[in-house]
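Asks: Structure file structure-v5.cif, mmCIF, C-alpha atoms and all ligand atoms, is pasted below:
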```cif
data_run
#
loop_
_atom_site.label_atom_id
_atom_site.label_comp_id
_atom_site.auth_asym_id
_atom_site.auth_seq_id
_atom_site.Cartn_x
_atom_site.Cartn_y
_atom_site.Cartn_z
CA MET A 20 -24.81 2.52 -17.65
CA LEU A 21 -26.74 4.60 -15.11
CA GLU A 22 -27.36 8.20 -16.12
CA LEU A 23 -28.74 10.97 -13.97
CA ASP A 24 -29.50 14.05 -16.03
CA ASN A 25 -30.18 17.49 -14.66
CA VAL A 26 -31.72 15.98 -11.52
CA THR A 27 -33.28 18.27 -8.94
CA LYS A 28 -34.94 17.29 -5.68
CA THR A 29 -36.88 19.83 -3.69
CA TYR A 30 -38.34 18.53 -0.43
CA ARG A 31 -41.62 19.67 1.02
CA GLY A 32 -40.93 22.95 2.75
CA GLY A 33 -38.81 24.09 -0.18
CA ARG A 34 -35.41 22.63 0.74
CA ARG A 35 -33.53 21.94 -2.52
CA ALA A 36 -31.25 19.03 -1.66
CA VAL A 37 -30.10 18.26 -5.23
CA ASP A 38 -29.86 21.03 -7.76
CA GLY A 39 -29.61 20.32 -11.49
CA LEU A 40 -27.08 17.54 -11.11
CA THR A 41 -25.84 15.39 -14.00
CA LEU A 42 -23.88 12.21 -13.30
CA ARG A 43 -23.08 9.35 -15.68
CA LEU A 44 -21.92 6.07 -14.20
CA GLY A 45 -20.25 3.20 -15.97
CA THR A 46 -18.23 0.20 -14.80
CA GLY A 47 -15.92 0.99 -11.89
CA LEU A 48 -16.00 2.70 -8.53
CA LEU A 49 -17.17 6.28 -8.21
CA GLY A 50 -16.34 8.00 -4.93
CA LEU A 51 -19.07 10.53 -4.18
CA LEU A 52 -17.68 13.07 -1.74
CA GLY A 53 -19.41 15.96 -0.08
CA PRO A 54 -19.81 17.58 3.33
CA ASN A 55 -22.73 16.70 5.60
CA GLY A 56 -25.99 17.96 4.15
CA ALA A 57 -24.57 18.35 0.61
CA GLY A 58 -27.28 16.12 -0.86
CA LYS A 59 -25.38 12.83 -1.26
CA SER A 60 -27.98 10.64 0.42
CA THR A 61 -30.78 12.24 -1.56
CA LEU A 62 -28.84 11.63 -4.76
CA MET A 63 -28.15 8.00 -3.77
CA ARG A 64 -31.83 7.47 -2.98
CA ILE A 65 -32.79 8.85 -6.38
CA ALA A 66 -30.23 6.60 -8.10
CA ALA A 67 -31.59 3.65 -6.09
CA THR A 68 -35.18 4.47 -7.17
CA VAL A 69 -36.47 4.98 -3.63
CA THR A 70 -36.95 8.74 -4.05
CA ARG A 71 -38.37 10.37 -7.15
CA PRO A 72 -36.60 13.45 -8.45
CA THR A 73 -38.66 16.64 -8.62
CA SER A 74 -37.31 17.11 -12.14
CA GLY A 75 -34.66 15.62 -14.40
CA THR A 76 -34.23 12.05 -15.62
CA VAL A 77 -32.68 8.81 -14.40
CA ARG A 78 -31.93 6.18 -17.02
CA TYR A 79 -30.55 2.69 -16.68
CA ARG A 80 -29.35 1.19 -19.95
CA GLY A 81 -31.48 3.74 -21.73
CA VAL A 82 -34.69 2.89 -19.82
CA ASP A 83 -36.39 5.63 -17.79
CA ALA A 84 -35.85 4.40 -14.23
CA VAL A 85 -38.36 6.84 -12.73
CA ALA A 86 -41.28 5.59 -14.83
CA HIS A 87 -39.97 2.00 -15.07
CA PRO A 88 -37.75 1.27 -12.06
CA ASP A 89 -37.93 -2.55 -12.20
CA PRO A 90 -35.05 -3.22 -14.66
CA LEU A 91 -32.73 -1.22 -12.40
CA ARG A 92 -34.15 -2.63 -9.15
CA ARG A 93 -33.54 -6.19 -10.39
CA VAL A 94 -29.80 -5.58 -10.64
CA LEU A 95 -29.43 -3.16 -7.75
CA GLY A 96 -27.77 -3.54 -4.35
CA TYR A 97 -28.34 -0.61 -2.02
CA LEU A 98 -27.07 0.13 1.45
CA PRO A 99 -28.96 3.18 2.71
CA GLN A 100 -27.48 5.51 5.30
CA GLU A 101 -30.05 4.54 7.89
CA PHE A 102 -30.13 0.82 7.71
CA GLY A 103 -32.73 -0.65 10.03
CA ALA A 104 -32.91 -4.35 10.60
CA TYR A 105 -35.27 -6.67 12.40
CA PRO A 106 -34.07 -7.02 16.01
CA ASN A 107 -35.58 -10.44 16.63
CA LEU A 108 -34.14 -12.08 13.54
CA SER A 109 -30.61 -13.41 13.36
CA ALA A 110 -28.38 -12.23 10.49
CA ARG A 111 -28.98 -15.56 8.73
CA GLU A 112 -32.75 -15.30 9.15
CA PHE A 113 -32.80 -11.69 8.01
CA LEU A 114 -30.79 -12.44 4.87
CA SER A 115 -32.92 -15.54 4.14
CA TYR A 116 -36.03 -13.41 4.47
CA LEU A 117 -34.69 -10.87 1.96
CA ALA A 118 -33.59 -13.66 -0.38
CA ALA A 119 -37.11 -15.13 -0.30
CA ILE A 120 -38.63 -11.73 -1.09
CA ARG A 121 -36.26 -11.49 -4.03
CA GLY A 122 -37.43 -14.92 -5.19
CA MET A 123 -34.04 -16.60 -4.80
CA PRO A 124 -34.25 -20.41 -4.70
CA ALA A 125 -33.69 -21.58 -1.08
CA ARG A 126 -30.62 -23.67 -1.86
CA THR A 127 -28.91 -20.85 -3.81
CA ALA A 128 -29.81 -18.44 -1.01
CA ARG A 129 -28.32 -20.67 1.70
CA ALA A 130 -24.99 -20.95 -0.09
CA ARG A 131 -24.89 -17.25 -0.92
CA ILE A 132 -25.71 -16.24 2.67
CA GLU A 133 -22.90 -18.39 4.09
CA GLU A 134 -20.50 -16.88 1.55
CA LEU A 135 -21.59 -13.34 2.47
CA LEU A 136 -21.47 -13.88 6.24
CA GLU A 137 -17.92 -15.13 5.77
CA LEU A 138 -17.09 -12.12 3.61
CA VAL A 139 -18.34 -9.58 6.17
CA ASN A 140 -16.86 -11.50 9.08
CA LEU A 141 -20.14 -12.46 10.73
CA ALA A 142 -20.13 -16.21 10.24
CA ASP A 143 -19.85 -16.82 14.01
CA ALA A 144 -22.39 -14.18 15.04
CA GLY A 145 -24.84 -15.10 12.27
CA ARG A 146 -27.23 -17.00 14.56
CA ARG A 147 -27.54 -14.27 17.18
CA PRO A 148 -30.47 -11.80 17.08
CA LEU A 149 -29.66 -8.52 15.35
CA GLY A 150 -31.00 -6.62 18.37
CA GLY A 151 -27.78 -7.48 20.21
CA TYR A 152 -25.43 -6.37 17.41
CA SER A 153 -23.11 -3.36 17.65
CA GLY A 154 -23.41 -0.51 15.12
CA GLY A 155 -20.45 -1.84 13.16
CA MET A 156 -21.92 -5.36 13.04
CA LEU A 157 -25.26 -4.02 11.78
CA ARG A 158 -23.38 -2.09 9.11
CA ARG A 159 -21.80 -5.34 8.00
CA VAL A 160 -25.21 -7.00 7.81
CA GLY A 161 -26.24 -4.03 5.66
CA ILE A 162 -23.32 -4.62 3.36
CA ALA A 163 -24.20 -8.32 3.11
CA GLN A 164 -27.84 -7.57 2.20
CA ALA A 165 -26.70 -5.13 -0.50
CA LEU A 166 -24.57 -7.88 -2.06
CA LEU A 167 -27.17 -10.63 -1.74
CA ALA A 168 -28.23 -10.81 -5.37
CA ASP A 169 -24.74 -10.18 -6.80
CA PRO A 170 -25.86 -6.74 -8.05
CA ARG A 171 -24.60 -5.14 -11.26
CA VAL A 172 -25.13 -1.71 -9.69
CA LEU A 173 -24.08 -1.30 -6.08
CA ILE A 174 -24.89 1.90 -4.20
CA VAL A 175 -23.50 2.28 -0.70
CA ASP A 176 -24.19 5.38 1.37
CA GLU A 177 -21.61 6.16 4.08
CA PRO A 178 -20.84 2.45 4.38
CA THR A 179 -17.87 2.71 6.72
CA VAL A 180 -19.68 4.54 9.55
CA GLY A 181 -19.21 2.49 12.71
CA LEU A 182 -16.61 0.16 11.21
CA ASP A 183 -13.27 -0.18 12.96
CA PRO A 184 -10.10 0.72 10.98
CA GLU A 185 -9.39 -2.88 9.99
CA GLU A 186 -12.95 -3.39 8.77
CA ARG A 187 -12.78 -0.13 6.83
CA ILE A 188 -9.72 -1.29 4.93
CA ARG A 189 -11.24 -4.69 4.31
CA PHE A 190 -14.47 -3.16 3.07
CA ARG A 191 -12.76 -0.66 0.79
CA SER A 192 -10.74 -3.38 -0.86
CA LEU A 193 -13.90 -5.49 -1.26
CA LEU A 194 -15.61 -2.60 -3.05
CA GLY A 195 -12.53 -2.13 -5.22
CA ASP A 196 -12.66 -5.80 -6.25
CA LEU A 197 -16.41 -5.69 -6.92
CA ALA A 198 -15.99 -2.60 -9.12
CA ALA A 199 -13.86 -4.52 -11.61
CA ASP A 200 -16.95 -5.60 -13.51
CA ARG A 201 -19.86 -3.54 -12.19
CA THR A 202 -20.96 -0.06 -11.25
CA VAL A 203 -20.21 0.85 -7.64
CA VAL A 204 -21.02 4.20 -6.03
CA LEU A 205 -19.64 4.90 -2.58
CA SER A 206 -20.81 8.06 -0.90
CA THR A 207 -18.88 9.52 2.01
CA HIS A 208 -17.66 12.72 3.63
CA ILE A 209 -14.35 11.06 4.54
CA VAL A 210 -11.64 11.53 1.92
CA SER A 211 -9.60 8.53 3.07
CA ASP A 212 -12.59 6.24 2.36
CA VAL A 213 -12.21 6.84 -1.35
CA GLU A 214 -8.58 7.89 -1.70
CA SER A 215 -7.09 4.44 -2.18
CA VAL A 216 -9.90 2.80 -4.15
CA ALA A 217 -11.66 5.32 -6.38
CA ALA A 218 -10.04 6.33 -9.65
CA ASP A 219 -13.08 8.49 -10.30
CA LEU A 220 -14.42 11.12 -7.90
CA ALA A 221 -17.48 13.33 -7.86
CA VAL A 222 -17.73 16.13 -5.33
CA VAL A 223 -21.13 17.53 -4.38
CA VAL A 224 -21.60 20.78 -2.47
CA ARG A 225 -25.05 22.27 -1.77
CA GLY A 226 -26.69 19.83 -4.14
CA ARG A 227 -24.42 20.70 -7.06
CA LEU A 228 -21.65 18.79 -8.75
CA VAL A 229 -18.49 20.87 -8.32
CA HIS A 230 -15.92 18.32 -9.51
CA ARG A 231 -15.81 15.11 -11.49
CA GLY A 232 -12.58 13.37 -12.40
CA SER A 233 -9.56 11.48 -11.10
CA PRO A 234 -8.03 12.15 -7.68
CA GLU A 235 -5.09 13.66 -9.59
CA THR A 236 -7.25 16.27 -11.34
CA LEU A 237 -8.78 17.17 -7.97
CA ARG A 238 -5.32 17.53 -6.42
CA GLN A 239 -4.20 19.73 -9.31
CA ARG A 240 -6.99 22.19 -8.59
CA ALA A 241 -5.24 23.12 -5.35
CA ALA A 242 -1.72 23.36 -6.85
CA GLY A 243 0.18 26.40 -5.55
CA ARG A 244 -2.40 27.04 -2.80
CA VAL A 245 -1.29 24.70 -0.01
CA TRP A 246 1.12 25.93 2.66
CA GLN A 247 2.79 24.63 5.74
CA VAL A 248 3.17 27.08 8.59
CA THR A 249 4.52 26.75 12.12
CA ALA A 250 3.23 29.60 14.26
CA ALA A 251 2.78 30.56 17.90
CA PRO A 252 -0.60 29.47 19.34
CA GLN A 253 -2.24 32.90 19.14
CA GLU A 254 -1.07 33.50 15.55
CA ALA A 255 -2.17 29.96 14.65
CA ALA A 256 -5.66 30.61 15.99
CA ALA A 257 -5.90 33.76 13.83
CA LEU A 258 -4.75 31.81 10.74
CA GLN A 259 -7.31 29.09 11.47
CA ARG A 260 -10.06 31.68 11.48
CA ARG A 261 -8.96 33.10 8.11
CA PHE A 262 -8.03 30.03 6.08
CA PRO A 263 -9.22 26.45 5.60
CA VAL A 264 -6.86 24.23 7.60
CA SER A 265 -6.39 20.58 6.68
CA ARG A 266 -4.03 19.51 9.50
CA VAL A 267 -2.97 20.84 12.86
CA VAL A 268 -0.14 19.37 14.94
CA HIS A 269 0.93 20.89 18.24
CA THR A 270 4.72 20.65 18.51
CA GLY A 271 7.31 21.97 20.96
CA ASP A 272 7.95 24.93 18.57
CA GLY A 273 4.32 25.99 18.25
CA VAL A 274 1.46 24.87 16.05
CA ARG A 275 2.28 23.27 12.70
CA MET A 276 -0.54 23.58 10.16
CA ARG A 277 -1.32 22.87 6.55
CA LEU A 278 -3.64 25.43 5.11
CA VAL A 279 -5.07 26.60 1.82
CA ALA A 280 -4.52 30.20 0.69
CA ASP A 281 -4.06 31.91 -2.67
CA GLY A 282 -0.76 33.49 -1.53
CA PRO A 283 1.66 32.90 1.37
CA PRO A 284 -0.50 33.27 4.50
CA HIS A 285 2.44 33.88 6.86
CA ARG A 286 6.05 35.08 6.66
CA ASP A 287 7.35 31.53 7.29
CA ALA A 288 4.86 29.74 5.03
CA ARG A 289 6.38 26.97 2.91
CA PRO A 290 4.55 25.78 -0.22
CA CYS A 291 3.48 22.10 -0.22
CA ALA A 292 2.25 19.70 -2.88
CA PRO A 293 -1.51 19.32 -2.28
CA ASP A 294 -2.84 15.96 -1.14
CA LEU A 295 -6.43 14.91 -1.67
CA GLU A 296 -7.60 16.12 1.73
CA ASP A 297 -6.19 19.64 1.06
CA ALA A 298 -7.71 19.76 -2.40
CA TYR A 299 -11.12 18.57 -1.23
CA LEU A 300 -11.15 21.10 1.59
CA ALA A 301 -10.17 23.91 -0.78
CA LEU A 302 -12.86 22.92 -3.26
CA VAL A 303 -15.61 22.70 -0.64
CA ARG A 304 -14.67 26.10 0.79
CA ASP A 305 -14.52 27.71 -2.67
CA ALA A 306 -17.83 26.18 -3.74
CA ALA A 307 -19.58 27.14 -0.52
CA ALA A 308 -18.33 30.72 -0.91
CA ARG A 309 -19.55 30.90 -4.51
CA PRO A 310 -22.92 29.16 -4.51
CA GLY A 311 -23.56 29.96 -8.17
CA GLU A 312 -20.47 28.16 -9.44
CA GLY A 313 -22.00 24.72 -9.96
CA GLU A 314 -24.57 26.17 -12.31
CA ARG A 315 -21.95 27.38 -14.75
CA ARG A 316 -20.33 23.96 -15.14
N1 LIG B 401 -36.92 13.88 3.76
C1 LIG B 401 -36.43 15.12 3.83
N2 LIG B 401 -37.25 16.18 4.01
C2 LIG B 401 -36.77 17.44 4.07
N3 LIG B 401 -35.46 17.75 3.95
C3 LIG B 401 -34.59 16.75 3.78
C4 LIG B 401 -35.02 15.38 3.71
N4 LIG B 401 -33.93 14.59 3.53
C5 LIG B 401 -32.87 15.44 3.48
N5 LIG B 401 -33.26 16.71 3.63
C6 LIG B 401 -32.39 17.92 3.60
O1 LIG B 401 -31.75 17.96 2.34
C7 LIG B 401 -30.37 18.34 2.49
C8 LIG B 401 -29.47 17.25 1.92
O2 LIG B 401 -29.58 16.10 2.74
P1 LIG B 401 -28.87 14.71 2.41
O3 LIG B 401 -29.17 13.77 3.53
O4 LIG B 401 -29.22 14.29 1.04
O5 LIG B 401 -27.33 15.15 2.44
P2 LIG B 401 -26.02 14.31 2.69
O6 LIG B 401 -24.98 14.89 1.83
O7 LIG B 401 -26.31 12.87 2.54
O8 LIG B 401 -25.69 14.64 4.18
P3 LIG B 401 -25.49 13.65 5.42
O9 LIG B 401 -24.22 12.94 5.14
O10 LIG B 401 -25.40 14.62 6.57
O11 LIG B 401 -26.71 12.80 5.45
C9 LIG B 401 -30.15 18.58 3.97
O12 LIG B 401 -30.31 19.96 4.21
C10 LIG B 401 -31.27 17.81 4.64
O13 LIG B 401 -31.64 18.41 5.85
#
```
Could you render the structure as structure tokens?
Ligand SMILES: Nc1ncnc2c1ncn2[C@@H]1O[C@H](COP(=O)(O)OP(=O)(O)OP(=O)(O)O)[C@@H](O)[C@H]1O
Replies:
Amino acid sequence: MLELDNVTKTYRGGRRAVDGLTLRLGTGLLGLLGPNGAGKSTLMRIAATVTRPTSGTVRYRGVDAVAHPDPLRRVLGYLPQEFGAYPNLSAREFLSYLAAIRGMPARTARARIEELLELVNLADAGRRPLGGYSGGMLRRVGIAQALLADPRVLIVDEPTVGLDPEERIRFRSLLGDLAADRTVVLSTHIVSDVESVAADLAVVVRGRLVHRGSPETLRQRAAGRVWQVTAAPQEAAALQRRFPVSRVVHTGDGVRMRLVADGPPHRDARPCAPDLEDAYLALVRDAAARPGEGERR
């Protein structure tokens, strides 16, 4: 059990990236959603013990992970958002190097590295220097290094950036499998990254937790507020300025949109059942408009 309690992080210069946030993590996959700049990476770095909170506590199995990070670090796999690798090493060499630092016996490491390269689809490229890898390939090396020591707590920050659609699906299902018996946190600003795999979602806006619960409870928050409208281009542009819009399709009849509004936004508006994308958009807009809301939760 990893517990972040009332965590705040204020960077030098006064920027408060995380603001009194409490998050308790058990077995399973938590999807951490939030727009760019919401504070997800800062929160992930705090949970991964590479950034110290300005205030608040982080506990792993009851032990203060700020004062005593080692018990958490021993069981942690972390894929940071900016994952730099060593351009002259091959993927195999890089992973062997990390395994040696972790004190893994060479034979165990060799077997594990082959297994992981297979898993992330890099078995063939594993002898080439990382300097020649594409962004997506480097991301996959990052995923492999996070899984090296079979971590009990796995924290992955925007892991699908640079992956092609097939790799995304593959990676999501891998995380889903891993979460069966460990804690996995996946941070992203892309709803579809978490939609099919996370039964538990946390939404962060401006450093505050504005929702925690199942995708269903998030969807319910937008019930009665999602509308489909087909309008002429000029009218559509005006609607887009006034309301959060989750989809736009240009058709022969005009512009078909899904948008979020408290009442019918247009004479031809038809109510729709909210999907996760609509509900997330509505929540982010509401929370951004009412910056004090997170504090009252
Ligand atoms: N080292 C730092 N020094 C100063 N400000 C920082 C630092 N790191 C992040 N910030 C600021 O803190 C805020 C939250 O950033 P953070 O990277 O945690 O958000 P995020 O949700 O992960 O966004 P993104 O997905 O765009 O990285 C942003 O305004 C960012 O500019």
Asks: Check every protein, DNA and RNA residue against ligand LIG 401 (chain B), keep those with an atom at most 9 Å away (counting only C-alpha atoms and all ligand atoms), and present them as number ranges by chain.
Replies: A: 28-37, 52-64, 100, 176-177, 206-208, 223-226
Asks: List as an MDAnalysis selection string: which residues have an atom within 12 Å of (-38.9, 4.7, -4.9), counting only C-alpha atoms?
Replies: chainID A and resid 61 63:72 84:89 91:92
Asks: Please measure the separation of CA of Glu254 (chain A) and CA of Asp281 (chain A), giving the value in Å to one decimal.
Replies: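 CA of Asp281 (chain A) lies 18.5 Å from CA of Glu254 (chain A).
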Asks: Put a box with edges along x, y and z around all the listed atoms of region 65-79 of chain A, pad it by 8 Å on each side, then give me its centre and sizes in Å, one decimal, as JSON.
Replies:
```
{"center_x": -34.4, "center_y": 9.9, "center_z": -10.3, "size_x": 24.4, "size_y": 30.4, "size_z": 29.4}
```
Asks: What is the CA of Ala142 (chain A)-CA of Leu182 (chain A) distance in Å, reported with one decimal?
Replies: 16.8 Å
Asks: So that I can check the surroundings of Ala298 (chain A), please list as an mmCIF file with C-alpha atoms, in the frame of the given file every protein, DNA and RNA residue that reaches within 12 Å of it, counting only C-alpha atoms and ignoring chain neighbours fewer than 5 positions away.
Replies:
```cif
data_model
loop_
_atom_site.group_PDB
_atom_site.id
_atom_site.type_symbol
_atom_site.label_atom_id
_atom_site.label_comp_id
_atom_site.auth_asym_id
_atom_site.auth_seq_id
_atom_site.Cartn_x
_atom_site.Cartn_y
_atom_site.Cartn_z
ATOM 1 C CA VAL A 210 -11.640 11.530 1.920
ATOM 2 C CA GLU A 214 -8.580 7.890 -1.700
ATOM 3 C CA VAL A 222 -17.730 16.130 -5.330
ATOM 4 C CA HIS A 230 -15.920 18.320 -9.510
ATOM 5 C CA PRO A 234 -8.030 12.150 -7.680
ATOM 6 C CA GLU A 235 -5.090 13.660 -9.590
ATOM 7 C CA THR A 236 -7.250 16.270 -11.340
ATOM 8 C CA LEU A 237 -8.780 17.170 -7.970
ATOM 9 C CA ARG A 238 -5.320 17.530 -6.420
ATOM 10 C CA GLN A 239 -4.200 19.730 -9.310
ATOM 11 C CA ARG A 240 -6.990 22.190 -8.590
ATOM 12 C CA ALA A 241 -5.240 23.120 -5.350
ATOM 13 C CA ALA A 242 -1.720 23.360 -6.850
ATOM 14 C CA GLY A 243 0.180 26.400 -5.550
ATOM 15 C CA ARG A 244 -2.400 27.040 -2.800
ATOM 16 C CA VAL A 245 -1.290 24.700 -0.010
ATOM 17 C CA TRP A 246 1.120 25.930 2.660
ATOM 18 C CA PRO A 263 -9.220 26.450 5.600
ATOM 19 C CA VAL A 264 -6.860 24.230 7.600
ATOM 20 C CA SER A 265 -6.390 20.580 6.680
ATOM 21 C CA ARG A 277 -1.320 22.870 6.550
ATOM 22 C CA LEU A 278 -3.640 25.430 5.110
ATOM 23 C CA VAL A 279 -5.070 26.600 1.820
ATOM 24 C CA ALA A 280 -4.520 30.200 0.690
ATOM 25 C CA CYS A 291 3.480 22.100 -0.220
ATOM 26 C CA ALA A 292 2.250 19.700 -2.880
ATOM 27 C CA PRO A 293 -1.510 19.320 -2.280
ATOM 28 C CA VAL A 303 -15.610 22.700 -0.640
ATOM 29 C CA ARG A 304 -14.670 26.100 0.790
ATOM 30 C CA ASP A 305 -14.520 27.710 -2.670
#
```
Asks: I'd like to know which of A:Ile162, A:Val172, A:Val82, A:Leu23 is closest to Val94 (chain A), using only C-alpha atoms.
Replies: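 Closest to Val94 (chain A) of all the choices is A:Val172.
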Asks: For Tyr79 (chain A), which residue among A:Asp212, A:Asp297, A:Asp219, A:Asp24 is the nearest when counting all atoms listed in the file?
Replies: A:Asp24
Asks: Can you measure CA of Arg80 (chain A) to CA of Met20 (chain A) for me? One decimal in Å is fine.
Replies: 5.3 Å
Asks: Of the candidates A:Asn140, A:Ala307, A:Gly271, A:Gly103, which one gets nearest to Leu228 (chain A) if we count all atoms listed in the file?
Replies: A:Ala307
Asks: A:Arg231, A:Arg171, A:Arg146, A:Arg191: which is nearest Pro90 (chain A), counting all atoms listed in the file?
Replies: A:Arg171
Asks: So, with only C-alpha atoms as the atoms that count, which of A:Gly232, A:Gly161, A:Gly47, A:Gly181 lies closest to Asp196 (chain A)?
Replies: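 Ranked by minimum distance to Asp196 (chain A), first place goes to A:Gly47.
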Asks: Measuring atom to atom with all atoms listed in the file, identify which of A:Thr179, A:Ser215, A:Thr46, A:Ser115 is nearest to Val203 (chain A).
Replies: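 Nearest candidate to Val203 (chain A) out of A:Thr179, A:Ser215, A:Thr46, A:Ser115: A:Thr46.
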